[in-house]
>>> print(open('start-v5.txt').read())   # compact mmCIF, C-alpha atoms and all ligand atoms
# COMPACT_ATOMS: atom_id res chain seq x y z
CA MET A 1 -7.43 1.79 18.34
CA LYS A 2 -9.25 -1.34 17.26
CA HIS A 3 -11.72 -1.51 14.36
CA ILE A 4 -15.31 -1.60 15.62
CA TYR A 5 -16.77 -3.50 12.67
CA LEU A 6 -14.22 -6.28 12.84
CA ASN A 7 -16.63 -9.03 11.78
CA LYS A 8 -17.72 -7.09 8.71
CA ILE A 9 -14.10 -6.43 7.80
CA LYS A 10 -13.23 -10.12 8.13
CA ASP A 11 -16.27 -11.20 6.11
CA LEU A 12 -14.98 -9.11 3.19
CA GLU A 13 -11.51 -10.64 3.27
CA GLY A 14 -10.14 -13.15 0.81
CA PRO A 15 -6.99 -14.34 -0.96
CA PRO A 16 -4.87 -11.90 -3.01
CA LYS A 17 -5.95 -11.63 -6.64
CA LYS A 18 -3.96 -10.60 -9.72
CA ILE A 19 -6.01 -8.97 -12.42
CA ASN A 20 -5.41 -7.42 -15.84
CA ILE A 21 -7.90 -4.59 -16.15
CA PHE A 22 -5.87 -1.79 -17.70
CA SER A 23 -4.85 -1.67 -21.35
CA GLU A 24 -1.40 -0.57 -22.47
CA ARG A 25 -2.88 2.78 -23.46
CA GLU A 26 -4.48 3.24 -20.06
CA ILE A 27 -1.21 2.48 -18.26
CA ILE A 28 0.46 5.16 -20.40
CA MET A 29 -2.36 7.57 -19.52
CA ILE A 30 -1.84 6.83 -15.82
CA LYS A 31 1.91 7.51 -16.16
CA GLU A 32 1.21 10.76 -18.01
CA LEU A 33 -1.17 11.77 -15.25
CA TYR A 34 1.57 11.04 -12.72
CA ASP A 35 3.98 13.30 -14.62
CA SER A 36 1.47 16.15 -14.71
CA LEU A 37 0.48 16.04 -11.03
CA PRO A 38 2.07 18.35 -8.47
CA GLU A 39 4.52 16.86 -6.04
CA ARG A 40 3.09 16.20 -2.61
CA MET A 41 6.17 15.08 -0.81
CA PHE A 42 9.79 14.38 -1.54
CA ASN A 43 11.51 12.76 1.38
CA LYS A 44 15.24 12.80 0.78
CA LYS A 45 16.01 10.55 3.73
CA GLN A 46 13.59 7.82 2.65
CA ASN A 47 14.28 8.69 -0.97
CA VAL A 48 10.62 8.63 -1.96
CA ARG A 49 8.48 10.95 -4.00
CA LYS A 50 4.73 10.90 -3.41
CA LYS A 51 1.90 12.33 -5.45
CA THR A 52 -1.82 11.94 -4.99
CA TRP A 53 -4.22 11.22 -7.85
CA ILE A 54 -6.18 14.46 -7.94
CA GLN A 55 -9.47 14.28 -9.82
CA ASN A 56 -10.19 16.36 -12.94
CA TYR A 57 -6.65 16.41 -14.35
CA ASN A 58 -7.82 13.80 -16.83
CA LYS A 59 -11.57 13.32 -16.43
CA GLU A 60 -11.72 10.50 -18.97
CA LEU A 61 -9.09 8.57 -17.04
CA ASP A 62 -10.81 9.27 -13.70
CA LYS A 63 -13.94 7.64 -15.06
CA ILE A 64 -12.14 4.66 -16.58
CA TYR A 65 -10.19 4.01 -13.40
CA TYR A 66 -13.15 4.28 -11.04
CA ASN A 67 -15.41 2.10 -13.20
CA LYS A 68 -12.79 -0.61 -13.67
CA LEU A 69 -12.20 -0.80 -9.94
CA LYS A 70 -15.94 -0.93 -9.38
CA ASP A 71 -16.25 -3.87 -11.77
CA VAL A 72 -13.85 -5.94 -9.68
CA LEU A 73 -14.54 -4.64 -6.17
CA GLY A 74 -18.28 -4.03 -6.27
CA ASP A 75 -19.42 -1.07 -4.19
CA PHE A 76 -16.59 0.71 -2.45
CA LYS A 77 -15.48 4.09 -1.21
CA MET A 78 -12.10 5.67 -1.83
CA ASP A 79 -9.91 5.97 1.26
CA ASN A 80 -6.80 7.88 0.13
CA LEU A 81 -7.26 11.20 1.92
CA LYS A 82 -9.21 14.10 0.43
CA SER A 83 -8.31 17.35 -1.29
CA GLU A 84 -8.89 20.79 0.26
CA SER A 85 -12.19 20.94 -1.61
CA ASN A 86 -13.14 17.61 0.03
CA GLU A 87 -12.83 15.55 -3.15
CA ASP A 88 -11.51 12.01 -2.85
CA TYR A 89 -8.07 11.35 -4.17
CA TYR A 90 -8.11 8.25 -6.37
CA GLY A 91 -4.82 6.84 -5.16
CA LEU A 92 -1.28 7.48 -4.05
CA PHE A 93 1.63 7.37 -6.46
CA HIS A 94 4.79 6.23 -4.86
CA GLU A 95 8.15 6.61 -6.53
CA SER A 96 11.00 5.22 -4.49
CA PHE A 97 14.65 4.55 -4.85
CA SER A 98 15.00 2.52 -1.66
CA PRO A 99 12.68 -0.16 -0.24
CA LEU A 100 9.83 0.49 2.17
CA ALA A 101 9.89 -1.03 5.65
CA LEU A 102 7.37 -3.30 7.34
CA HIS A 103 3.92 -1.73 7.79
CA VAL A 104 0.17 -2.09 7.42
CA ASP A 105 -2.26 0.38 5.80
CA SER A 106 -5.21 -0.49 8.02
CA GLY A 107 -6.64 3.02 8.26
CA PHE A 108 -6.90 5.67 10.94
CA TYR A 109 -10.54 5.52 12.07
CA GLU A 110 -12.08 2.78 14.17
CA GLU A 111 -15.51 3.11 12.52
CA ASP A 112 -14.19 2.52 8.98
CA ILE A 113 -14.79 -0.81 7.30
CA ILE A 114 -11.44 -1.18 5.59
CA TYR A 115 -11.62 -3.20 2.38
CA LYS A 116 -9.05 -3.83 -0.40
CA GLN A 117 -5.94 -2.09 -1.62
CA VAL A 118 -5.25 -2.13 -5.32
CA VAL A 119 -1.57 -2.01 -6.30
CA THR A 120 -0.84 -1.11 -9.92
CA PRO A 121 2.85 -1.27 -10.88
CA LEU A 122 4.05 1.35 -13.34
CA THR A 123 7.55 -0.09 -13.49
CA SER A 124 8.36 -3.79 -13.42
CA ASN A 125 11.57 -3.98 -11.43
CA ALA A 126 10.23 -4.51 -7.93
CA ASP A 127 8.24 -6.72 -5.59
CA THR A 128 5.94 -6.29 -2.64
CA VAL A 129 6.11 -8.91 0.10
CA PHE A 130 2.83 -9.63 1.89
CA PHE A 131 2.84 -11.57 5.13
CA LYS A 132 0.15 -13.90 6.42
CA LYS A 133 -0.13 -11.93 9.64
CA ARG A 134 -2.95 -9.39 9.73
CA TRP A 135 -3.43 -6.27 11.83
CA TYR A 136 -6.73 -4.69 12.82
CA GLY A 137 -5.51 -1.69 14.75
CA ARG A 138 -4.55 1.70 13.40
CA ALA A 139 -2.13 1.92 10.43
CA THR A 140 1.23 0.92 11.88
CA SER A 141 4.93 0.63 11.08
CA PHE A 142 6.57 -2.35 12.74
CA THR A 143 9.96 -2.04 14.36
CA ILE A 144 12.14 -3.40 17.12
CA ASP A 145 14.09 -0.16 17.51
CA PRO A 146 13.36 1.18 21.03
CA ASN A 147 13.71 4.82 19.89
CA GLU A 148 11.29 4.30 17.04
CA LEU A 149 8.82 2.60 19.39
CA ASN A 150 8.65 5.82 21.44
CA PHE A 151 7.52 7.83 18.41
CA LYS A 152 4.26 9.72 18.99
CA PRO A 153 2.37 9.84 15.68
CA LYS A 154 0.33 12.80 14.41
CA PRO A 155 -3.27 12.03 13.33
CA ASP A 156 -2.18 11.09 9.79
CA GLN A 157 0.97 9.18 10.75
CA ASN A 158 1.41 5.49 11.43
CA ASP A 159 1.66 4.11 14.94
CA ARG A 160 4.81 2.20 15.84
CA SER A 161 4.60 -1.30 17.30
CA ASP A 162 6.48 -4.54 17.89
CA LYS A 163 3.34 -6.52 18.66
CA HIS A 164 3.57 -8.32 15.32
CA LEU A 165 6.43 -10.46 16.58
CA GLY A 166 6.18 -14.20 17.21
CA GLU A 167 8.63 -16.87 18.27
CA LYS A 168 9.81 -18.63 15.14
CA GLU A 169 13.00 -17.49 13.38
CA PHE A 170 12.28 -16.04 9.94
CA ASP A 171 13.29 -18.02 6.83
CA LYS A 172 16.93 -17.08 6.11
CA LYS A 173 16.78 -17.78 2.38
CA ILE A 174 13.77 -15.52 1.84
CA HIS A 175 15.40 -12.86 4.00
CA ASP A 176 18.59 -12.98 2.00
CA LYS A 177 16.84 -12.84 -1.34
CA TYR A 178 14.11 -10.27 -0.68
CA LEU A 179 14.32 -8.65 2.74
CA ARG A 180 17.91 -7.67 3.49
CA HIS A 181 16.76 -4.09 4.27
CA ILE A 182 14.84 -5.40 7.30
CA ASP A 183 16.42 -6.71 10.50
CA ILE A 184 15.66 -10.45 10.51
CA ASN A 185 14.72 -10.17 14.21
CA ASN A 186 11.94 -7.77 13.16
CA LEU A 187 10.44 -10.68 11.18
CA LYS A 188 10.25 -13.26 13.97
CA GLY A 189 7.10 -15.34 13.71
CA MET A 190 6.25 -13.92 10.28
CA GLU A 191 5.40 -16.07 7.26
CA VAL A 192 5.07 -14.95 3.68
CA GLU A 193 1.61 -14.97 2.12
CA LEU A 194 2.70 -13.71 -1.31
CA ILE A 195 5.74 -12.18 -2.95
CA TYR A 196 4.21 -10.07 -5.66
CA ASN A 197 6.57 -9.52 -8.60
CA TRP A 198 5.51 -6.31 -10.26
CA LYS A 199 4.30 -6.62 -13.85
CA ILE A 200 3.17 -3.72 -15.97
CA GLY A 201 -0.41 -4.19 -17.10
CA GLU A 202 -1.31 -6.14 -14.00
CA SER A 203 -2.84 -5.04 -10.70
CA LEU A 204 -2.96 -6.81 -7.37
CA ILE A 205 -6.00 -6.70 -5.14
CA ILE A 206 -5.31 -7.55 -1.53
CA ASP A 207 -6.92 -7.04 1.89
CA ARG A 208 -5.78 -3.95 3.77
CA SER A 209 -5.14 -5.92 6.95
CA HIS A 210 -2.04 -7.71 5.58
CA ILE A 211 1.32 -6.61 7.00
CA HIS A 212 3.67 -5.94 4.06
CA CYS A 213 6.85 -4.26 2.81
CA SER A 214 8.84 -3.84 -0.39
CA SER A 215 11.53 -6.28 -1.33
CA CYS A 216 15.12 -5.03 -1.47
CA ARG A 217 15.13 -5.60 -5.23
CA ILE A 218 14.87 -2.15 -6.76
CA GLU A 219 16.82 -1.46 -9.90
CA HIS A 220 17.21 2.31 -10.13
CA LYS A 221 13.73 3.37 -9.02
CA LYS A 222 10.25 1.99 -8.88
CA LEU A 223 6.90 3.63 -9.43
CA GLY A 224 3.55 2.27 -8.36
CA LEU A 225 0.00 3.40 -7.75
CA THR A 226 -1.94 2.22 -4.72
CA THR A 227 -5.61 2.85 -4.11
CA PHE A 228 -7.00 2.19 -0.65
CA THR A 229 -10.67 1.42 -0.32
CA LYS A 230 -13.28 1.01 2.36
CA LYS A 231 -16.94 -0.03 2.34
FE FE B 301 1.61 -0.18 2.06
>>> encode(input="start-v5.txt", output="C-alpha cells")
Amino acid sequence: MKHIYLNKIKDLEGPPKKINIFSEREIIMIKELYDSLPERMFNKKQNVRKKTWIQNYNKELDKIYYNKLKDVLGDFKMDNLKSESNEDYYGLFHESFSPLALHVDSGFYEEDIIYKQVVTPLTSNADTVFFKKRWYGRATSFTIDPNELNFKPKPDQNDRSDKHLGEKEFDKKIHDKYLRHIDINNLKGMEVELIYNWKIGESLIIDRSHIHCSSCRIEHKKLGLTTFTKK
C-alpha cells in the first residue's frame, strides 16, 4: 500500500514540537482514567499492557483533551480505532516493561491523510527515539529477521519490512546508550531525528511518517498515551 494523498500528507509535515498543554491536575485525571479503563490487551511475551481511551468514562476530561489538541493541531480527526458503537477512541495507553522495536504508525488505509501523533508521557523514566527516515506505506515493523519478514499481517496488524535499510553503519555510541534492544544491523542507514526524553506535563507532537522505537532505558515500567490523528 502507498498513501494516495502523498502531497497533502507531506504539506502537513513539520519538525517535532514539545508542548505543555496539560496541567498537573489534568495529568492526574488522565492517569485516573487509565486506571478505570478495562484492559484491552496484556501481552506477556512483549510485556505490554494496552488500554484504549474510551469516551464517556470522564466526559469533562474528554472535552478538555479534545479541545486542547484542537488548539495545537487545528482541525483533525481521531485515528485510534473505534469502539463497537462506532465512537472514536481518543488514544492508546501503553504500559510496558520492555522496550518497543522499530516501527512506524503510518495507518492502514491508502486514502487516509495521516497527520500528527501526540505522545503524552505519564511516567518520566523513558525515551522515544525518532529517526529522520519516513515511511509512507502501511503501518510497518522493521526487521532483518527472515522469519519475521514472512509474517502475513491481519488487517489491523503491521506489515513487516526491511526496506528501511541503507548503507551507512549506525552510530555505535547512540546504539550503546539507547538502542541495545535492537540489532545494530537493523539500523543501517538510519539517523536520529530526535531522542525524546519523557517529561510529565509535556507532550510531543510529531508526524506519523517518522520511523521510531523506544529506547532501552526503562526503569521498572513506563506508561504513555499516544493519540494518532488524520485530516
Ligand atoms: Fe509508535
>>> closest_residue(input="start-v5.txt", among="A:Tyr34, A:Phe22, A:Tyr109, A:Trp198", to="Asp127 of chain A", atoms="all atoms listed in the file")
A:Trp198
>>> residues_near_point(input="start-v5.txt", point="(-16.3, -9.4, 6.1)", cutoff="12 Å", atoms="only C-alpha atoms", output="PyMOL selection string")
chain A and resi 5-14+113-116+207+209+230-231
>>> axis_aligned_box(input="start-v5.txt", around="segment 213-230 of chain A", padding_each_side="5 Å", output="lines of an AutoDock Vina configuration file")
center_x = 2.0
center_y = -1.3
center_z = -3.7
size_x = 40.5
size_y = 19.9
size_z = 22.9
>>> atom_distance(input="start-v5.txt", atom1="atom CA of Thr140 of chain A", atom2="atom CA of Gln55 of chain A")
27.6 Å
>>> closest_residue(input="start-v5.txt", among="A:Leu61, A:Val118, A:Leu194, A:Ile218", to="Ser96 of chain A", atoms="only C-alpha atoms")
A:Ile218
>>> residues_around(input="start-v5.txt", residues="segment 168-177 of chain A", least_positions_apart="5", cutoff="10 Å", atoms="all atoms listed in the file", output="count of residues only")
15
>>> residues_near_ligand(input="start-v5.txt", ligand="ligand FE 301 (chain B)", cutoff="9 Å", atoms="all atoms listed in the file", output="MDAnalysis selection string")
chainID A and resid 100 102:105 117 128 208 211:214 226
>>> atom_distance(input="start-v5.txt", atom1="atom CA of Gly201 of chain A", atom2="atom CA of Leu37 of chain A")
21.1 Å
>>> residues_around(input="start-v5.txt", residues="Pro38 of chain A", least_positions_apart="5", cutoff="12 Å", atoms="all atoms listed in the file", output="list in words")
Leu33, Arg49, Lys50, Lys51, Thr52, Trp53, Ile54, Tyr57 and Phe93 of chain A
>>> closest_residue(input="start-v5.txt", among="A:Ile200, A:Asp35, A:Ile19, A:Asp112", to="Phe76 of chain A", atoms="only C-alpha atoms")
A:Asp112
>>> residues_around(input="start-v5.txt", residues="Leu69 of chain A", least_positions_apart="3", cutoff="12 Å", atoms="all atoms listed in the file", output="MDAnalysis selection string")
chainID A and resid 19:22 62:66 72:78 90:91 116:120 203:205 226:229
>>> write_last_selection(input="start-v5.txt", atoms="C-alpha atoms", output="PDB file, in the coordinates of the input")
ATOM      1  CA  ILE A  19      -6.010  -8.970 -12.420  1.00  0.00           C
ATOM      2  CA  ASN A  20      -5.410  -7.420 -15.840  1.00  0.00           C
ATOM      3  CA  ILE A  21      -7.900  -4.590 -16.150  1.00  0.00           C
ATOM      4  CA  PHE A  22      -5.870  -1.790 -17.700  1.00  0.00           C
ATOM      5  CA  ASP A  62     -10.810   9.270 -13.700  1.00  0.00           C
ATOM      6  CA  LYS A  63     -13.940   7.640 -15.060  1.00  0.00           C
ATOM      7  CA  ILE A  64     -12.140   4.660 -16.580  1.00  0.00           C
ATOM      8  CA  TYR A  65     -10.190   4.010 -13.400  1.00  0.00           C
ATOM      9  CA  TYR A  66     -13.150   4.280 -11.040  1.00  0.00           C
ATOM     10  CA  VAL A  72     -13.850  -5.940  -9.680  1.00  0.00           C
ATOM     11  CA  LEU A  73     -14.540  -4.640  -6.170  1.00  0.00           C
ATOM     12  CA  GLY A  74     -18.280  -4.030  -6.270  1.00  0.00           C
ATOM     13  CA  ASP A  75     -19.420  -1.070  -4.190  1.00  0.00           C
ATOM     14  CA  PHE A  76     -16.590   0.710  -2.450  1.00  0.00           C
ATOM     15  CA  LYS A  77     -15.480   4.090  -1.210  1.00  0.00           C
ATOM     16  CA  MET A  78     -12.100   5.670  -1.830  1.00  0.00           C
ATOM     17  CA  TYR A  90      -8.110   8.250  -6.370  1.00  0.00           C
ATOM     18  CA  GLY A  91      -4.820   6.840  -5.160  1.00  0.00           C
ATOM     19  CA  LYS A 116      -9.050  -3.830  -0.400  1.00  0.00           C
ATOM     20  CA  GLN A 117      -5.940  -2.090  -1.620  1.00  0.00           C
ATOM     21  CA  VAL A 118      -5.250  -2.130  -5.320  1.00  0.00           C
ATOM     22  CA  VAL A 119      -1.570  -2.010  -6.300  1.00  0.00           C
ATOM     23  CA  THR A 120      -0.840  -1.110  -9.920  1.00  0.00           C
ATOM     24  CA  SER A 203      -2.840  -5.040 -10.700  1.00  0.00           C
ATOM     25  CA  LEU A 204      -2.960  -6.810  -7.370  1.00  0.00           C
ATOM     26  CA  ILE A 205      -6.000  -6.700  -5.140  1.00  0.00           C
ATOM     27  CA  THR A 226      -1.940   2.220  -4.720  1.00  0.00           C
ATOM     28  CA  THR A 227      -5.610   2.850  -4.110  1.00  0.00           C
ATOM     29  CA  PHE A 228      -7.000   2.190  -0.650  1.00  0.00           C
ATOM     30  CA  THR A 229     -10.670   1.420  -0.320  1.00  0.00           C
TER      31      THR A 229
END
>>> closest_residue(input="start-v5.txt", among="A:Ser124, A:Ser161, A:Asn150, A:Asn67", to="His220 of chain A", atoms="all atoms listed in the file")
A:Ser124
>>> build_atoms(input="start-v5.txt", residues="segment 170-204 of chain A", atoms="N, CA and C atoms", output="CSV table (one decimal), keeping the file's coordinate frame")
chain,number,residue,atom,x,y,z
A,170,PHE,N,12.7,-16.2,11.3
A,170,PHE,CA,12.3,-16.0,9.9
A,170,PHE,C,13.2,-16.8,9.0
A,171,ASP,N,12.6,-17.3,7.9
A,171,ASP,CA,13.3,-18.0,6.8
A,171,ASP,C,14.5,-17.2,6.3
A,172,LYS,N,15.7,-17.8,6.5
A,172,LYS,CA,16.9,-17.1,6.1
A,172,LYS,C,17.1,-16.9,4.6
A,173,LYS,N,16.6,-17.9,3.8
A,173,LYS,CA,16.8,-17.8,2.4
A,173,LYS,C,15.9,-16.7,1.8
A,174,ILE,N,14.7,-16.6,2.3
A,174,ILE,CA,13.8,-15.5,1.8
A,174,ILE,C,14.3,-14.2,2.3
A,175,HIS,N,14.8,-14.1,3.5
A,175,HIS,CA,15.4,-12.9,4.0
A,175,HIS,C,16.5,-12.4,3.1
A,176,ASP,N,17.4,-13.3,2.8
A,176,ASP,CA,18.6,-13.0,2.0
A,176,ASP,C,18.2,-12.5,0.6
A,177,LYS,N,17.2,-13.2,0.0
A,177,LYS,CA,16.8,-12.8,-1.3
A,177,LYS,C,16.0,-11.6,-1.4
A,178,TYR,N,15.1,-11.4,-0.5
A,178,TYR,CA,14.1,-10.3,-0.7
A,178,TYR,C,14.1,-9.2,0.4
A,179,LEU,N,14.6,-9.5,1.6
A,179,LEU,CA,14.3,-8.6,2.7
A,179,LEU,C,15.6,-8.2,3.5
A,180,ARG,N,16.7,-8.1,2.8
A,180,ARG,CA,17.9,-7.7,3.5
A,180,ARG,C,17.8,-6.3,4.1
A,181,HIS,N,16.9,-5.5,3.7
A,181,HIS,CA,16.8,-4.1,4.3
A,181,HIS,C,16.0,-4.1,5.6
A,182,ILE,N,15.6,-5.3,6.0
A,182,ILE,CA,14.8,-5.4,7.3
A,182,ILE,C,15.6,-6.3,8.2
A,183,ASP,N,15.8,-5.9,9.5
A,183,ASP,CA,16.4,-6.7,10.5
A,183,ASP,C,15.7,-8.0,10.6
A,184,ILE,N,16.3,-9.1,10.5
A,184,ILE,CA,15.7,-10.4,10.5
A,184,ILE,C,14.9,-10.7,11.8
A,185,ASN,N,15.4,-10.0,12.9
A,185,ASN,CA,14.7,-10.2,14.2
A,185,ASN,C,13.4,-9.4,14.3
A,186,ASN,N,13.2,-8.5,13.3
A,186,ASN,CA,11.9,-7.8,13.2
A,186,ASN,C,10.9,-8.6,12.4
A,187,LEU,N,11.3,-9.8,12.0
A,187,LEU,CA,10.4,-10.7,11.2
A,187,LEU,C,10.1,-12.0,11.9
A,188,LYS,N,10.5,-12.0,13.2
A,188,LYS,CA,10.2,-13.3,14.0
A,188,LYS,C,8.8,-13.6,14.0
A,189,GLY,N,8.5,-14.9,13.7
A,189,GLY,CA,7.1,-15.3,13.7
A,189,GLY,C,6.3,-15.0,12.5
A,190,MET,N,7.0,-14.3,11.5
A,190,MET,CA,6.2,-13.9,10.3
A,190,MET,C,6.4,-15.0,9.2
A,191,GLU,N,5.3,-15.2,8.4
A,191,GLU,CA,5.4,-16.1,7.3
A,191,GLU,C,4.9,-15.3,6.1
A,192,VAL,N,5.5,-15.7,4.9
A,192,VAL,CA,5.1,-15.0,3.7
A,192,VAL,C,3.8,-15.5,3.1
A,193,GLU,N,2.9,-14.6,2.8
A,193,GLU,CA,1.6,-15.0,2.1
A,193,GLU,C,1.9,-15.0,0.6
A,194,LEU,N,2.5,-13.9,0.1
A,194,LEU,CA,2.7,-13.7,-1.3
A,194,LEU,C,3.8,-12.7,-1.6
A,195,ILE,N,4.8,-13.1,-2.4
A,195,ILE,CA,5.7,-12.2,-3.0
A,195,ILE,C,5.2,-11.8,-4.3
A,196,TYR,N,4.8,-10.5,-4.4
A,196,TYR,CA,4.2,-10.1,-5.7
A,196,TYR,C,5.3,-9.4,-6.5
A,197,ASN,N,5.6,-10.1,-7.6
A,197,ASN,CA,6.6,-9.5,-8.6
A,197,ASN,C,5.8,-8.6,-9.5
A,198,TRP,N,6.2,-7.3,-9.5
A,198,TRP,CA,5.5,-6.3,-10.3
A,198,TRP,C,5.6,-6.6,-11.8
A,199,LYS,N,4.4,-6.5,-12.4
A,199,LYS,CA,4.3,-6.6,-13.8
A,199,LYS,C,3.5,-5.5,-14.4
A,200,ILE,N,3.9,-4.8,-15.4
A,200,ILE,CA,3.2,-3.7,-16.0
A,200,ILE,C,2.0,-4.3,-16.7
A,201,GLY,N,0.8,-3.7,-16.5
A,201,GLY,CA,-0.4,-4.2,-17.1
A,201,GLY,C,-1.2,-5.0,-16.1
A,202,GLU,N,-0.6,-5.3,-15.0
A,202,GLU,CA,-1.3,-6.1,-14.0
A,202,GLU,C,-1.6,-5.3,-12.8
A,203,SER,N,-2.6,-5.7,-12.0
A,203,SER,CA,-2.8,-5.0,-10.7
A,203,SER,C,-3.0,-6.1,-9.7
A,204,LEU,N,-2.7,-5.8,-8.4
A,204,LEU,CA,-3.0,-6.8,-7.4
A,204,LEU,C,-4.0,-6.2,-6.4
